[in-house]
Amino acid sequence: MKLKLALAILLSTTTLVASAGPIEDQIKTRQSAYSFMGWNSAKIKAQVADKPETYNKEQVITAANVIAAIANSGLGSLYGPGTDQGIGWKKTALKPEFFEKQDEAKKLATDFNREANEFAKVAATGSVTEIKDKFGKLSESCKSCHQSFRIREQH
Amino acid sequence: MPTIKIKVWDLPLRAFHWLLVFTVLAAYITAELGGNLTDWHGRIGALALGLLVFRVTWGFVGSTHARFVSFFPTPRKLLTYLKGHWTANGHNPLGALSVLALLGVLTALIGTGLFANDDIGFQGPLFNLASKSLSDRLTAWHEFSFNVLLILIGLHLAAIAFYFFLKKTNLVKPMITGSKEVPKGLASQTTGGGKARFVIATTIAAIVVWLIFGGIVAEQLSPAHNIPANAAIPSW
Ligand code: HEM
Ligand code: HEM
């Protein structure tokens, strides 16, 4: 009886640890990184495309550098096995196919990293039109990955 | 059997149809390719909204076969059609079901698009009326309703092919020229939908588009709740 109780407690704590543990943390960090990147890309979009009259060079450079820094931070390590299931800030939107299509995932992530770094250079030196064009390329690289690996939840 | 040429589809209806085909195609391409084309997705979306509002208005003030009351598929009409006794002109009752389904799904597609966002910096003009999570859900519905629309378009084209190859009836030509040949006994008049009414319907459509896309209904804090509309970001 005592043994059974001890086992039950042990089992329930291990499952607790698993669900509140590394997987959830990875998803949380991943979602935070992307949300923050989205905040920065939206600022750039607003200033160079929607309302060019509000263009502020310093702010666009800062936002571009944030995106490049996040891209270069090694986001790939937040895609550990099992992170297609679980709840971070909310239920993860990662498609399970991600783990079967590692080559594609790597290519999309590498393309995105390249675009993010090139964009930061153009943001620092280019004209608003050049920045806008290059931002189009960067956002294409975001979108390609979302189309392949991200679920749009209907609830 | 002697035939006679009658008018079925008025010019505004035909213009609506072919512009709609172009619009759906262009909206699909611009959404799929992304990048800076997303801005065009928004502009084409405005055109789509205008076309839809025009068509609904025209369903009340347009000429005979454009009116909803004239082709609304009541169970009685459907039964007559399925028994093979249908002889009237205009959309047949089964076709009318598909027309209403197409227009209904288009309404859902365009309506959800107005609130949608792409998480990168592009969003519909009413995005700021919804919370981000509601907008995310509506974006999923936007994509879902597009998939439903694709199925309906498939059925639409299949039905047209079925009429052409098996019933030897060309439905496409009347949708281009506006008129078709019918046996003399089945001739009917198409009336209504004059110039003045066309101007009214177009004006209504333009006003709705202007209210929504012109930032009148919802201030377009560009682009999100948490992004300052001007460049006033504190230096820290
Ligand atoms: C003819 C009508 C329309 C069609 C056929 C259409 C089609 C589409 C499709 C297929 C997508 C998904 C792209 C993807 O999965 O990558 C999309 C996304 C989107 N559409 Fe539309 N749309 C229409 C109207 C509108 C309207 C009126 C708006 C409002 C301005 C709008 C705003 C959006 C937004 C913000 C997205 C981005 C969602 C994302 O990238 O995940 N759409 N549209
Ligand atoms: C984007 C794809 C399309 C959409 C969304 C669409 C939508 C519609 C709608 C809403 C109507 C009803 C007209 C009205 O009373 O308002 C209609 C009718 C019609 N469409 Fe299309 N259509 C599409 C593509 C096509 C194509 C490619 C063809 C030609 C091959 C075509 C041929 C016709 C014809 C012949 C009718 C009249 C049907 C009848 O006689 O009752 N459509 N379509």
# chains A, B, ... in the order shown; residues from 1 in each chain; ligands from 1
$ interface_residues --of "chain A" --to "chain B" --cutoff "6 Å" --atoms "only C-alpha atoms" --output "VMD selection string"
chain A and resid 38 41 to 42 45 to 46 54 136 to 137 139 to 140 152 154
$ write_last_selection --atoms "all heavy atoms" --output "PDB file, in the first residue's frame"
ATOM      1  N   GLY A  38       7.718  39.979 -34.420  1.00  0.00           N
ATOM      2  CA  GLY A  38       6.543  40.513 -35.108  1.00  0.00           C
ATOM      3  C   GLY A  38       6.305  41.973 -34.753  1.00  0.00           C
ATOM      4  O   GLY A  38       5.946  42.786 -35.606  1.00  0.00           O
ATOM      5  N   SER A  41       8.887  43.850 -36.800  1.00  0.00           N
ATOM      6  CA  SER A  41       8.636  43.889 -38.248  1.00  0.00           C
ATOM      7  C   SER A  41       7.418  44.768 -38.542  1.00  0.00           C
ATOM      8  O   SER A  41       7.378  45.457 -39.555  1.00  0.00           O
ATOM      9  CB  SER A  41       8.459  42.474 -38.811  1.00  0.00           C
ATOM     10  OG  SER A  41       7.324  41.862 -38.271  1.00  0.00           O
ATOM     11  N   ALA A  42       6.426  44.763 -37.634  1.00  0.00           N
ATOM     12  CA  ALA A  42       5.242  45.603 -37.852  1.00  0.00           C
ATOM     13  C   ALA A  42       5.614  47.082 -37.801  1.00  0.00           C
ATOM     14  O   ALA A  42       5.082  47.897 -38.557  1.00  0.00           O
ATOM     15  CB  ALA A  42       4.172  45.279 -36.818  1.00  0.00           C
ATOM     16  N   LYS A  45       7.247  47.836 -41.131  1.00  0.00           N
ATOM     17  CA  LYS A  45       6.225  47.887 -42.185  1.00  0.00           C
ATOM     18  C   LYS A  45       5.474  49.208 -42.132  1.00  0.00           C
ATOM     19  O   LYS A  45       5.255  49.864 -43.155  1.00  0.00           O
ATOM     20  CB  LYS A  45       5.259  46.716 -42.006  1.00  0.00           C
ATOM     21  CG  LYS A  45       4.024  46.739 -42.882  1.00  0.00           C
ATOM     22  CD  LYS A  45       4.319  46.118 -44.226  1.00  0.00           C
ATOM     23  CE  LYS A  45       3.238  46.222 -45.282  1.00  0.00           C
ATOM     24  NZ  LYS A  45       1.892  46.249 -44.951  1.00  0.00           N
ATOM     25  N   ALA A  46       5.087  49.622 -40.932  1.00  0.00           N
ATOM     26  CA  ALA A  46       4.324  50.870 -40.781  1.00  0.00           C
ATOM     27  C   ALA A  46       5.129  52.054 -41.301  1.00  0.00           C
ATOM     28  O   ALA A  46       4.606  52.904 -42.013  1.00  0.00           O
ATOM     29  CB  ALA A  46       3.952  51.079 -39.317  1.00  0.00           C
ATOM     30  N   THR A  54       6.028  58.752 -41.713  1.00  0.00           N
ATOM     31  CA  THR A  54       6.462  58.583 -40.331  1.00  0.00           C
ATOM     32  C   THR A  54       7.847  57.908 -40.239  1.00  0.00           C
ATOM     33  O   THR A  54       8.291  57.548 -39.153  1.00  0.00           O
ATOM     34  CB  THR A  54       5.469  57.721 -39.517  1.00  0.00           C
ATOM     35  OG1 THR A  54       5.468  56.400 -40.075  1.00  0.00           O
ATOM     36  CG2 THR A  54       4.060  58.287 -39.549  1.00  0.00           C
ATOM     37  N   GLY A 136      10.187  43.471 -48.121  1.00  0.00           N
ATOM     38  CA  GLY A 136       9.314  42.513 -48.809  1.00  0.00           C
ATOM     39  C   GLY A 136       9.954  41.130 -48.845  1.00  0.00           C
ATOM     40  O   GLY A 136       9.305  40.120 -48.590  1.00  0.00           O
ATOM     41  N   LYS A 137      11.254  41.097 -49.139  1.00  0.00           N
ATOM     42  CA  LYS A 137      11.968  39.812 -49.190  1.00  0.00           C
ATOM     43  C   LYS A 137      11.995  39.156 -47.810  1.00  0.00           C
ATOM     44  O   LYS A 137      11.779  37.954 -47.665  1.00  0.00           O
ATOM     45  CB  LYS A 137      13.410  40.021 -49.663  1.00  0.00           C
ATOM     46  CG  LYS A 137      13.514  40.534 -51.071  1.00  0.00           C
ATOM     47  CD  LYS A 137      13.480  39.370 -52.058  1.00  0.00           C
ATOM     48  CE  LYS A 137      13.494  39.838 -53.500  1.00  0.00           C
ATOM     49  NZ  LYS A 137      12.234  39.613 -54.196  1.00  0.00           N
ATOM     50  N   SER A 139       9.924  39.597 -45.332  1.00  0.00           N
ATOM     51  CA  SER A 139       8.610  39.105 -44.898  1.00  0.00           C
ATOM     52  C   SER A 139       8.194  37.874 -45.694  1.00  0.00           C
ATOM     53  O   SER A 139       7.500  37.003 -45.191  1.00  0.00           O
ATOM     54  CB  SER A 139       7.552  40.215 -44.969  1.00  0.00           C
ATOM     55  OG  SER A 139       7.335  40.609 -46.277  1.00  0.00           O
ATOM     56  N   GLU A 140       8.663  37.756 -46.946  1.00  0.00           N
ATOM     57  CA  GLU A 140       8.420  36.517 -47.691  1.00  0.00           C
ATOM     58  C   GLU A 140       9.045  35.340 -46.964  1.00  0.00           C
ATOM     59  O   GLU A 140       8.479  34.247 -46.917  1.00  0.00           O
ATOM     60  CB  GLU A 140       9.058  36.594 -49.082  1.00  0.00           C
ATOM     61  CG  GLU A 140       8.137  37.058 -50.171  1.00  0.00           C
ATOM     62  CD  GLU A 140       8.905  37.335 -51.462  1.00  0.00           C
ATOM     63  OE1 GLU A 140       9.806  36.539 -51.816  1.00  0.00           O
ATOM     64  OE2 GLU A 140       8.606  38.359 -52.102  1.00  0.00           O
ATOM     65  N   ARG A 152      -2.681  27.513 -38.350  1.00  0.00           N
ATOM     66  CA  ARG A 152      -3.609  28.601 -38.041  1.00  0.00           C
ATOM     67  C   ARG A 152      -4.784  27.971 -37.310  1.00  0.00           C
ATOM     68  O   ARG A 152      -5.565  27.245 -37.903  1.00  0.00           O
ATOM     69  CB  ARG A 152      -4.111  29.258 -39.326  1.00  0.00           C
ATOM     70  CG  ARG A 152      -3.179  30.314 -39.863  1.00  0.00           C
ATOM     71  CD  ARG A 152      -3.258  31.550 -39.039  1.00  0.00           C
ATOM     72  NE  ARG A 152      -2.538  32.669 -39.649  1.00  0.00           N
ATOM     73  CZ  ARG A 152      -2.330  33.813 -39.027  1.00  0.00           C
ATOM     74  NH1 ARG A 152      -2.760  33.984 -37.801  1.00  0.00           N
ATOM     75  NH2 ARG A 152      -1.690  34.774 -39.610  1.00  0.00           N
ATOM     76  N   GLN A 154      -8.314  27.413 -35.636  1.00  0.00           N
ATOM     77  CA  GLN A 154      -9.655  27.971 -35.798  1.00  0.00           C
ATOM     78  C   GLN A 154     -10.440  28.071 -34.496  1.00  0.00           C
ATOM     79  O   GLN A 154     -11.275  28.930 -34.342  1.00  0.00           O
ATOM     80  CB  GLN A 154     -10.457  27.125 -36.781  1.00  0.00           C
ATOM     81  CG  GLN A 154     -10.468  27.726 -38.151  1.00  0.00           C
ATOM     82  CD  GLN A 154     -10.476  26.659 -39.204  1.00  0.00           C
ATOM     83  OE1 GLN A 154      -9.548  25.882 -39.343  1.00  0.00           O
ATOM     84  NE2 GLN A 154     -11.547  26.592 -39.939  1.00  0.00           N
TER      85      GLN A 154
END
$ residues_near_ligand --ligand "ligand 1" --cutoff "7 Å" --atoms "only C-alpha atoms and all ligand atoms" --output "MDAnalysis selection string"
(chainID A and resid 143 147) or (chainID B and resid 23:25 27:28 31:32 41:42 45:46 48:49 106 109:111 113:118 122:125 139 142:143 146)
$ atom_distance --atom1 "atom CA of Val128 of chain A" --atom2 "atom CA of Ser32 of chain A"
28.7 Å
$ closest_residue --among "A:Arg30, A:Lys134, A:Lys43, A:Lys90" --to "Asn117 of chain A" --atoms "only C-alpha atoms"
A:Lys134
$ residues_around --residues "Leu78 of chain A" --least-positions-apart "4" --cutoff "8 Å" --atoms "only C-alpha atoms" --output "compact mmCIF listing (two decimals) with C-alpha atoms, in the first residue's frame"
# COMPACT_ATOMS: atom_id res chain seq x y z
CA GLN A 26 11.13 25.97 -25.23
CA ILE A 27 7.70 26.73 -26.62
CA THR A 29 10.71 31.19 -25.43
CA ARG A 30 10.01 30.47 -29.08
$ residues_around --residues "segment 165-172 of chain B" --least-positions-apart "6" --cutoff "12 Å" --atoms "only C-alpha atoms" --output "CSV table (one decimal) with C-alpha atoms, in the first residue's frame"
chain,number,residue,atom,x,y,z
B,8,VAL,CA,-30.8,37.1,-69.7
B,9,TRP,CA,-27.8,38.7,-68.0
B,14,ARG,CA,-21.7,40.2,-66.4
B,17,HIS,CA,-18.9,38.2,-62.7
B,18,TRP,CA,-15.7,38.5,-64.8
B,89,ASN,CA,-35.0,31.5,-67.9
B,90,GLY,CA,-32.3,32.7,-65.6
B,91,HIS,CA,-30.5,30.7,-62.9
B,92,ASN,CA,-32.2,27.3,-62.6
B,95,GLY,CA,-27.8,26.7,-60.0
B,156,HIS,CA,-19.3,25.6,-60.4
B,157,LEU,CA,-16.9,24.7,-63.3
B,158,ALA,CA,-18.0,21.1,-63.2
B,159,ALA,CA,-21.6,22.1,-63.6
B,178,GLY,CA,-25.8,38.7,-72.1
B,179,SER,CA,-28.3,37.0,-74.5
B,180,LYS,CA,-29.2,33.4,-75.3
B,181,GLU,CA,-31.4,31.5,-77.9
B,182,VAL,CA,-34.5,29.9,-76.5
$ residues_around --residues "segment 188-192 of chain B" --least-positions-apart "2" --cutoff "8 Å" --atoms "only C-alpha atoms" --output "list of chain:residue names"
B:Ile6, B:Lys7, B:Val8, B:Val61, B:Gly62, B:Ser63, B:Thr64, B:His65, B:Asn89, B:Leu186, B:Gly194
$ atom_distance --atom1 "atom CA of Trp89 of chain A" --atom2 "atom CA of Ile70 of chain A"
18.6 Å
$ atom_distance --atom1 "atom CA of Gln59 of chain A" --atom2 "atom CA of Ser141 of chain A"
21.8 Å
$ closest_residue --among "B:Leu97, B:Leu11, B:Ile204, B:Leu102" --to "Gly154 of chain B" --atoms "only C-alpha atoms"
B:Leu102
$ select_by_dssp --residues "segment 97-225 of chain B" --states "strand (DSSP E)" --output "number ranges by chain"
B: 179-183
$ residues_around --residues "Leu94 of chain B" --least-positions-apart "3" --cutoff "9 Å" --atoms "only C-alpha atoms" --output "tab-separated table (two decimals) with N, CA and C atoms, in the first residue's frame"
chain	number	residue	atom	x	y	z
B	73	PRO	N	-34.22	29.83	-54.67
B	73	PRO	CA	-34.63	28.45	-54.88
B	73	PRO	C	-35.56	27.91	-53.79
B	78	LEU	N	-37.30	23.81	-56.62
B	78	LEU	CA	-36.28	22.77	-56.70
B	78	LEU	C	-36.90	21.46	-57.16
B	81	TYR	N	-37.68	21.46	-60.74
B	81	TYR	CA	-36.46	21.33	-61.53
B	81	TYR	C	-35.99	19.89	-61.54
B	82	LEU	N	-35.99	19.26	-60.35
B	82	LEU	CA	-35.46	17.90	-60.27
B	82	LEU	C	-36.33	16.91	-61.03
B	91	HIS	N	-31.08	31.79	-63.65
B	91	HIS	CA	-30.48	30.67	-62.92
B	91	HIS	C	-31.55	29.62	-62.66
B	97	LEU	N	-28.92	27.71	-56.02
B	97	LEU	CA	-28.33	27.29	-54.75
B	97	LEU	C	-26.83	27.53	-54.77
B	98	SER	N	-26.21	27.16	-55.89
B	98	SER	CA	-24.76	27.31	-55.97
B	98	SER	C	-24.37	28.79	-56.01
B	99	VAL	N	-25.18	29.60	-56.68
B	99	VAL	CA	-24.92	31.05	-56.71
B	99	VAL	C	-24.97	31.62	-55.29
$ residues_around --residues "Leu75 of chain A" --least-positions-apart "6" --cutoff "12 Å" --atoms "only C-alpha atoms" --output "count of residues only"
18
